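Q: Got work-v3.cif for you, mmCIF, C-alpha atoms:
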data_run
#
loop_
_atom_site.label_atom_id
_atom_site.label_comp_id
_atom_site.auth_asym_id
_atom_site.auth_seq_id
_atom_site.Cartn_x
_atom_site.Cartn_y
_atom_site.Cartn_z
CA MET A 138 -5.62 -16.74 -2.90
CA ARG A 139 -5.29 -13.98 -5.46
CA THR A 140 -1.89 -13.18 -6.87
CA ARG A 141 -0.55 -10.59 -9.26
CA ASP A 142 -0.17 -11.79 -12.79
CA ILE A 143 1.96 -9.60 -15.04
CA GLU A 144 0.56 -11.11 -18.22
CA LYS A 145 -2.97 -10.39 -17.09
CA GLU A 146 -2.00 -6.88 -16.12
CA ASN A 147 -0.51 -6.24 -19.54
CA LEU A 148 -3.64 -7.60 -21.18
CA VAL A 149 -5.69 -5.18 -19.08
CA LYS A 150 -3.57 -2.22 -20.14
CA LYS A 151 -3.56 -3.20 -23.80
CA THR A 152 -7.32 -3.76 -23.86
CA ALA A 153 -7.99 -0.50 -22.03
CA VAL A 154 -5.90 1.42 -24.58
CA GLU A 155 -7.70 -0.25 -27.49
CA THR A 156 -11.13 0.37 -26.00
CA ILE A 157 -10.45 4.03 -25.30
CA ALA A 158 -8.83 4.53 -28.71
CA LYS A 159 -12.02 3.20 -30.30
CA GLY A 160 -14.77 4.59 -28.10
CA GLY A 161 -13.26 7.30 -25.93
CA PHE A 162 -13.64 7.62 -22.17
CA GLU A 163 -17.41 8.05 -22.13
CA SER A 164 -18.34 4.45 -22.65
CA PHE A 165 -15.35 3.02 -20.81
CA SER A 166 -16.13 1.08 -17.65
CA MET A 167 -14.24 -1.32 -15.43
CA ASN A 168 -17.03 -3.85 -15.84
CA LYS A 169 -16.79 -3.84 -19.65
CA LEU A 170 -13.02 -3.87 -19.48
CA ALA A 171 -13.03 -6.94 -17.25
CA LYS A 172 -15.39 -8.71 -19.65
CA ALA A 173 -13.27 -7.82 -22.66
CA CYS A 174 -10.22 -9.25 -20.88
CA GLY A 175 -12.01 -12.37 -19.69
CA ILE A 176 -11.23 -11.62 -16.06
CA SER A 177 -13.38 -10.74 -13.07
CA VAL A 178 -14.08 -7.16 -12.08
CA ALA A 179 -12.59 -8.02 -8.70
CA THR A 180 -9.24 -8.80 -10.32
CA LEU A 181 -9.21 -5.32 -11.86
CA TYR A 182 -9.80 -3.75 -8.47
CA ILE A 183 -6.93 -5.74 -7.04
CA TYR A 184 -4.60 -4.07 -9.52
CA TYR A 185 -6.18 -0.63 -9.42
CA LYS A 186 -7.83 1.31 -6.65
CA ASP A 187 -10.50 2.63 -8.97
CA LYS A 188 -11.15 3.64 -12.56
CA ASP A 189 -9.36 6.93 -12.03
CA ASP A 190 -6.29 5.10 -10.72
CA LEU A 191 -6.19 2.87 -13.81
CA LEU A 192 -6.56 5.78 -16.21
CA SER A 193 -4.00 7.92 -14.38
CA GLN A 194 -1.47 5.11 -14.50
CA LEU A 195 -2.11 4.63 -18.21
CA ALA A 196 -1.69 8.35 -18.85
CA VAL A 197 1.64 8.45 -17.02
CA GLU A 198 2.92 5.31 -18.70
CA HIS A 199 2.03 6.56 -22.15
CA GLY A 200 3.50 9.97 -21.49
CA LYS A 201 6.79 8.27 -20.64
CA LEU A 202 6.60 6.04 -23.67
CA MET A 203 5.96 8.96 -25.99
CA GLY A 204 8.85 10.92 -24.49
CA LYS A 205 11.18 7.99 -24.95
CA SER A 206 10.12 7.41 -28.56
CA MET A 207 10.53 11.05 -29.46
CA LEU A 208 14.03 11.31 -28.06
CA TYR A 209 15.31 8.24 -29.87
CA ASN A 210 18.66 9.06 -31.53
CA PHE A 211 17.97 12.75 -31.06
CA ASP A 212 21.06 14.91 -30.61
CA THR A 213 20.50 18.33 -29.07
CA GLU A 214 23.73 19.56 -30.67
CA ALA A 215 22.78 18.56 -34.21
CA SER A 216 22.24 21.11 -36.96
CA PHE A 217 18.70 22.41 -37.45
CA GLU A 218 17.93 20.20 -40.43
CA VAL A 219 19.44 17.02 -38.97
CA GLY A 220 17.83 17.53 -35.58
CA LEU A 221 14.41 18.35 -36.94
CA ARG A 222 14.63 15.43 -39.35
CA GLN A 223 15.21 13.06 -36.44
CA GLN A 224 12.25 14.55 -34.59
CA TRP A 225 10.05 14.08 -37.64
CA GLU A 226 11.30 10.56 -38.11
CA ASN A 227 10.60 9.65 -34.46
CA ARG A 228 7.16 11.21 -34.39
CA TYR A 229 6.26 9.67 -37.71
CA ARG A 230 7.34 6.12 -36.78
CA TYR A 231 5.67 6.38 -33.41
CA LEU A 232 2.36 7.55 -34.83
CA ILE A 233 2.28 5.45 -37.99
CA ASN A 234 3.36 2.20 -36.38
CA ASN A 235 0.81 2.62 -33.60
CA PRO A 236 -2.44 3.98 -35.01
CA THR A 237 -4.22 2.69 -31.90
CA LEU A 238 -1.74 4.42 -29.62
CA SER A 239 -2.01 7.70 -31.46
CA LYS A 240 -5.81 7.60 -31.23
CA PHE A 241 -5.50 6.76 -27.55
CA ASN A 242 -3.13 9.69 -27.02
CA GLU A 243 -5.56 12.00 -28.79
CA GLN A 244 -8.28 10.88 -26.39
CA LEU A 245 -5.95 11.46 -23.45
CA ARG A 246 -5.21 14.97 -24.60
CA ALA A 247 -8.91 15.77 -24.72
CA SER A 248 -9.56 14.34 -21.26
CA VAL A 249 -8.95 15.22 -17.63
CA TYR A 250 -5.83 13.05 -17.86
CA GLN A 251 -4.15 15.41 -20.29
CA GLU A 252 -2.15 17.06 -17.52
CA GLN A 253 -0.67 13.81 -16.25
CA PHE A 254 0.03 12.61 -19.78
CA LEU A 255 1.74 15.79 -20.95
CA SER A 256 3.67 16.51 -17.78
CA THR A 257 5.22 13.03 -17.74
CA PHE A 258 6.03 13.39 -21.40
CA MET A 259 7.52 16.83 -20.86
CA GLU A 260 9.52 15.78 -17.82
CA LYS A 261 12.08 14.02 -19.98
CA ALA A 262 11.55 15.61 -23.38
CA LEU A 263 11.26 19.30 -22.59
CA GLU A 264 14.90 19.98 -21.73
CA PRO A 265 16.47 18.39 -24.84
CA PHE A 266 13.97 20.09 -27.17
CA LYS A 267 14.53 23.44 -25.48
CA ARG A 268 18.29 23.02 -25.71
CA PHE A 269 18.04 22.17 -29.41
CA ASN A 270 15.89 25.23 -30.07
CA GLU A 271 18.30 27.49 -28.22
CA ASN A 272 21.19 26.06 -30.19
CA ILE A 273 19.64 26.61 -33.60
CA VAL A 274 18.77 30.20 -32.73
CA SER A 275 22.16 31.03 -31.22
CA ARG A 276 23.91 29.55 -34.28
CA GLY A 277 21.74 31.76 -36.44
CA GLU A 278 20.14 28.87 -38.34
CA VAL A 279 16.62 29.84 -37.37
CA LYS A 280 15.33 33.25 -36.42
CA GLU A 281 14.06 33.80 -32.89
CA MET A 282 10.28 33.41 -32.55
CA SER A 283 7.73 32.32 -30.01
CA PHE A 284 7.76 28.64 -29.21
CA GLU A 285 4.16 28.24 -30.39
CA VAL A 286 4.86 29.72 -33.80
CA TYR A 287 7.96 27.58 -34.19
CA TRP A 288 6.11 24.44 -33.15
CA SER A 289 3.13 25.07 -35.44
CA VAL A 290 5.30 25.55 -38.49
CA ALA A 291 7.72 22.76 -37.56
CA PHE A 292 5.24 19.98 -36.83
CA SER A 293 1.68 20.71 -37.94
CA PRO A 294 2.21 19.44 -41.52
CA LEU A 295 3.50 16.16 -40.13
CA TYR A 296 0.54 15.72 -37.80
CA ALA A 297 -1.94 16.62 -40.54
CA LEU A 298 -0.49 13.98 -42.88
CA VAL A 299 -0.39 11.33 -40.17
CA LYS A 300 -3.98 12.09 -39.26
CA PHE A 301 -5.11 11.68 -42.87
CA ASN A 302 -3.15 8.45 -43.06
CA ASN A 303 -4.49 6.97 -39.83
CA GLU A 304 -8.02 7.86 -40.79
CA GLY A 305 -7.43 6.38 -44.23
CA GLN A 306 -8.84 9.47 -45.93
CA SER A 307 -8.13 13.12 -46.47
CA LEU A 308 -10.49 16.03 -47.11
CA GLY A 309 -13.86 15.15 -48.56
CA GLY A 310 -13.36 11.44 -47.81
CA LYS A 311 -10.70 10.98 -50.49
CA PRO A 312 -8.82 7.72 -49.74
CA PHE A 313 -5.31 8.45 -48.59
CA LYS A 314 -2.19 6.52 -47.71
CA MET A 315 0.92 8.38 -46.69
CA THR A 316 4.32 7.48 -48.13
CA ASP A 317 7.83 8.26 -46.93
CA ALA A 318 8.28 10.41 -50.04
CA MET A 319 5.37 12.62 -48.98
CA LEU A 320 6.76 12.86 -45.50
CA TRP A 321 10.13 14.16 -46.68
CA GLU A 322 8.59 16.40 -49.31
CA ALA A 323 6.63 18.16 -46.57
CA PHE A 324 9.73 18.16 -44.36
CA ASP A 325 11.83 19.93 -46.99
CA LEU A 326 9.19 22.64 -47.28
CA VAL A 327 9.17 23.12 -43.53
CA VAL A 328 12.95 23.41 -43.41
CA LYS A 329 12.83 25.95 -46.22
CA ALA A 330 10.23 27.97 -44.33
CA LEU A 331 12.07 28.04 -41.02
CA LYS A 332 15.68 28.30 -42.10
CA LYS A 333 17.09 31.83 -42.20
CA MET B 242 4.20 -14.16 -4.98
CA GLU B 243 2.34 -11.21 -3.58
CA ASN B 244 -0.93 -12.08 -1.92
CA PHE B 245 -3.99 -9.86 -2.03
CA ASN B 246 -6.18 -11.35 0.64
CA HIS B 247 -6.12 -8.03 2.48
CA ILE B 248 -8.00 -6.30 -0.34
CA LEU B 249 -11.73 -6.73 0.17
CA LEU B 250 -14.02 -5.81 -2.72
CA PHE B 251 -17.76 -5.19 -2.80
CA ARG B 252 -20.38 -4.22 -5.34
CA THR B 253 -22.57 -1.54 -3.75
CA ASP B 254 -25.09 1.19 -4.43
CA ILE B 255 -22.95 3.93 -2.86
CA LYS B 256 -23.52 6.18 -5.83
CA SER B 257 -22.72 9.71 -4.73
CA GLU B 258 -20.49 11.82 -2.54
CA GLU B 259 -23.45 12.17 -0.16
CA ASP B 260 -23.75 8.39 0.14
CA LYS B 261 -20.06 8.22 0.78
CA LEU B 262 -20.32 10.80 3.51
CA VAL B 263 -22.91 8.66 5.28
CA LEU B 264 -20.44 5.79 5.52
CA GLN B 265 -17.32 7.82 6.06
CA PRO B 266 -17.42 8.07 9.89
CA LEU B 267 -18.02 4.36 10.18
CA LEU B 268 -15.18 3.36 7.85
CA ASP B 269 -12.73 6.05 8.95
CA LYS B 270 -12.94 5.20 12.61
CA ASN B 271 -12.68 1.45 12.18
CA LYS B 272 -9.17 0.62 13.33
CA ASN B 273 -9.10 -2.57 11.30
CA ILE B 274 -9.43 -0.64 8.06
CA GLU B 275 -6.11 0.61 6.68
CA GLN B 276 -7.61 2.32 3.69
CA TRP B 277 -10.89 2.46 1.81
CA ASN B 278 -12.40 4.04 -1.28
CA VAL B 279 -15.49 3.84 -3.43
CA ASP B 280 -15.30 4.08 -7.21
CA LEU B 281 -18.09 6.56 -7.84
CA ASP B 282 -17.05 6.78 -11.49
CA ASP B 283 -17.93 3.26 -12.36
CA GLU B 284 -21.11 1.29 -12.75
CA ASP B 285 -20.49 -1.22 -9.94
CA TYR B 286 -19.69 1.45 -7.32
CA VAL B 287 -17.00 -0.79 -5.98
CA LEU B 288 -16.10 -0.39 -2.35
CA ARG B 289 -12.46 -1.33 -1.88
CA ILE B 290 -11.19 -1.94 1.60
CA VAL B 291 -7.67 -2.71 2.69
CA SER B 292 -7.77 -4.69 5.91
CA TYR B 293 -5.64 -7.43 7.36
CA SER B 294 -8.21 -8.61 9.84
CA LEU B 295 -11.76 -7.95 8.62
CA LYS B 296 -13.81 -10.57 6.83
CA HIS B 297 -16.14 -9.85 3.93
CA GLU B 298 -19.22 -10.68 6.00
CA GLN B 299 -18.31 -8.12 8.66
CA VAL B 300 -18.06 -5.32 6.13
CA ILE B 301 -21.27 -6.35 4.39
CA GLU B 302 -23.12 -6.26 7.70
CA MET B 303 -21.70 -2.82 8.57
CA VAL B 304 -22.63 -1.28 5.25
CA GLN B 305 -26.08 -2.90 5.08
CA ASP B 306 -26.84 -1.61 8.58
CA HIS B 307 -26.55 1.87 7.10
CA GLY B 308 -29.09 1.12 4.42
CA TYR B 309 -26.86 0.32 1.47
CA THR B 310 -26.63 -2.74 -0.70
CA CYS B 311 -23.29 -4.48 -0.43
CA CYS B 312 -22.21 -7.85 -1.74
CA GLU B 313 -18.85 -9.42 -2.28
CA LEU B 314 -17.38 -8.73 -5.72
CA THR B 315 -16.04 -11.96 -7.12
#
As structure tokens, please, write out the structure in this file.

A:
Amino acid sequence: MRTRDIEKENLVKKTAVETIAKGGFESFSMNKLAKACGISVATLYIYYKDKDDLLSQLAVEHGKLMGKSMLYNFDTEASFEVGLRQQWENRYRYLINNPTLSKFNEQLRASVYQEQFLSTFMEKALEPFKRFNENIVSRGEVKEMSFEVYWSVAFSPLYALVKFNNEGQSLGGKPFKMTDAMLWEAFDLVVKALKK
Amino acid sequence: MENFNHILLFRTDIKSEEDKLVLQPLLDKNKNIEQWNVDLDDEDYVLRIVSYSLKHEQVIEMVQDHGYTCCELT
């Protein structure tokens, strides 16, 4: 008799994330995944209807996880600098502490699962971020602008630094390791740019 | 503990939507089959059948009669 085994299921999810982070979706197969986990292919198909089912579930789960991490300690009523600082802090910790996860998320975003990933993420996170942005504009801390422009200026420097860090090198292959000092140096510049 | 004896799994050569269409009438109209799907995205083309009464051998015979390879996935 086959039974559900939570530990095995977690191993499956963890291994799938690692495999996709490393090699993308192209070379990912249920057969290889089962081998990597030391379980039978049949066991995988007990847990998941098909490959698409497994990947959809992973996308949803990781969307939720990302939303939760990004809202940690975030106060929609905080001042612009305090609120943005917390968002930087959360994104930074999430991405730096989980280089595998951030590579996996990048793969998700470039795949057919992007919609599921982002909509689950947005479900919880969109409202608080919107509220915060409305607050900072209505208080006159930041001038009104399109969301895309705000987002690019507010977060792109952070993502560029994290990407260099997680790849271990910056432009031209120069070895690179990010420090907290660099993070906050870039942050201060962003605040200066956005603040009225 | 949950038991999964009602999930029957097979490795097949049902490789395309067309192949699936060949088997669809047979599987859809079988009253003993609650649900079925084939993973066309994966290399084993796994046929997954949810049934509380069918045995593996019965499914294998059905599918093979329609010209497809089908063996129990273990």

Q: Near chain B, meaning an atom within 10 Å, which residues of chain A appear when counting all atoms listed in the file? Write them as a list in words.

A: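 Taking all atoms listed in the file into account, Met138, Arg139, Thr140, Arg141, Asp142, Phe165, Ser166, Met167, Asn168, Lys169, Ser177, Val178, Ala179, Thr180, Tyr182, Ile183, Tyr184, Tyr185, Lys186, Asp187, Lys188, Asp189 and Asp190 of chain A sit within 10 Å of chain B.
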
Q: Kindly give the distance, in Å, that separates atom CA of A:Ser275 and atom CA of A:Phe217, rounded to a single decimal.

A: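 Atom-to-atom, atom CA of A:Ser275 to atom CA of A:Phe217, that is 11.2 Å.
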
Q: For the file shown, report as an mmCIF file with C-alpha atoms, in the frame of the given file the outcome of the PyMOL selection byres ((chain A and resi 315-332) around 7) at residue level.

A:
data_model
loop_
_atom_site.group_PDB
_atom_site.id
_atom_site.type_symbol
_atom_site.label_atom_id
_atom_site.label_comp_id
_atom_site.auth_asym_id
_atom_site.auth_seq_id
_atom_site.Cartn_x
_atom_site.Cartn_y
_atom_site.Cartn_z
ATOM 1 C CA GLU A 218 17.930 20.200 -40.430
ATOM 2 C CA GLU A 278 20.140 28.870 -38.340
ATOM 3 C CA VAL A 279 16.620 29.840 -37.370
ATOM 4 C CA VAL A 290 5.300 25.550 -38.490
ATOM 5 C CA ALA A 291 7.720 22.760 -37.560
ATOM 6 C CA PRO A 294 2.210 19.440 -41.520
ATOM 7 C CA LEU A 298 -0.490 13.980 -42.880
ATOM 8 C CA ASN A 302 -3.150 8.450 -43.060
ATOM 9 C CA PHE A 313 -5.310 8.450 -48.590
ATOM 10 C CA LYS A 314 -2.190 6.520 -47.710
ATOM 11 C CA LYS A 333 17.090 31.830 -42.200
#

Q: Taking the file as shown, find all residues satisfying the PyMOL selection byres ((chain B and resi 268) around 12) and write them as a PyMOL selection string.

A: chain B and resi 261-267+269-279+288-292+295+299-301+303-304+307

Q: Which residues, written as a ChimeraX atom specification, have at least one atom at most 9 Å from A:Ile233, with only C-alpha atoms counted and residues fewer than 5 positions away on the same chain left out?

A: /A:228,239,299,302-303

Q: Take the residues from that selection and put them in a file with C-alpha atoms, as a PDB file, in the coordinates of the input.

A:
ATOM      1  CA  ARG A 228       7.160  11.210 -34.390  1.00  0.00           C
ATOM      2  CA  SER A 239      -2.010   7.700 -31.460  1.00  0.00           C
ATOM      3  CA  VAL A 299      -0.390  11.330 -40.170  1.00  0.00           C
ATOM      4  CA  ASN A 302      -3.150   8.450 -43.060  1.00  0.00           C
ATOM      5  CA  ASN A 303      -4.490   6.970 -39.830  1.00  0.00           C
TER       6      ASN A 303
END

Q: Could you list, as a ChimeraX atom specification, every residue within 10 Å of A:Val149, counting all atoms listed in the file and ignoring same-chain residues fewer than 5 positions away?

A: /A:143-144,154-155,170-171,173-176,181,184,191

Q: Name the residues that the PyMOL selection byres ((chain A and resi 206-211) around 8) picks from the file above, as a ChimeraX atom specification, using the file's chain letters and numbers.

A: /A:202-205,212-213,220,223-224,227-228,231,262

Q: Write out the residues from the selection above, keeping C-alpha atoms, as a PDB file, in the coordinates of the input.

A:
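Output contents, as saved in part_29.pdb:
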ATOM      1  CA  LEU A 202       6.600   6.040 -23.670  1.00  0.00           C
ATOM      2  CA  MET A 203       5.960   8.960 -25.990  1.00  0.00           C
ATOM      3  CA  GLY A 204       8.850  10.920 -24.490  1.00  0.00           C
ATOM      4  CA  LYS A 205      11.180   7.990 -24.950  1.00  0.00           C
ATOM      5  CA  ASP A 212      21.060  14.910 -30.610  1.00  0.00           C
ATOM      6  CA  THR A 213      20.500  18.330 -29.070  1.00  0.00           C
ATOM      7  CA  GLY A 220      17.830  17.530 -35.580  1.00  0.00           C
ATOM      8  CA  GLN A 223      15.210  13.060 -36.440  1.00  0.00           C
ATOM      9  CA  GLN A 224      12.250  14.550 -34.590  1.00  0.00           C
ATOM     10  CA  ASN A 227      10.600   9.650 -34.460  1.00  0.00           C
ATOM     11  CA  ARG A 228       7.160  11.210 -34.390  1.00  0.00           C
ATOM     12  CA  TYR A 231       5.670   6.380 -33.410  1.00  0.00           C
ATOM     13  CA  ALA A 262      11.550  15.610 -23.380  1.00  0.00           C
TER      14      ALA A 262
END

Q: Kindly give the distance, in Å, that separates atom CA of A:Ala247 and atom CA of A:Lys201, rounded to a single decimal.

A: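 Calculated distance between atom CA of A:Ala247 and atom CA of A:Lys201 is 17.9 Å.
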
Q: How far is it from atom CA of A:Gly200 to atom CA of A:Ile273, in Å with one decimal?

A: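 Value for the atom CA of A:Gly200-atom CA of A:Ile273 distance: 26.2 Å.
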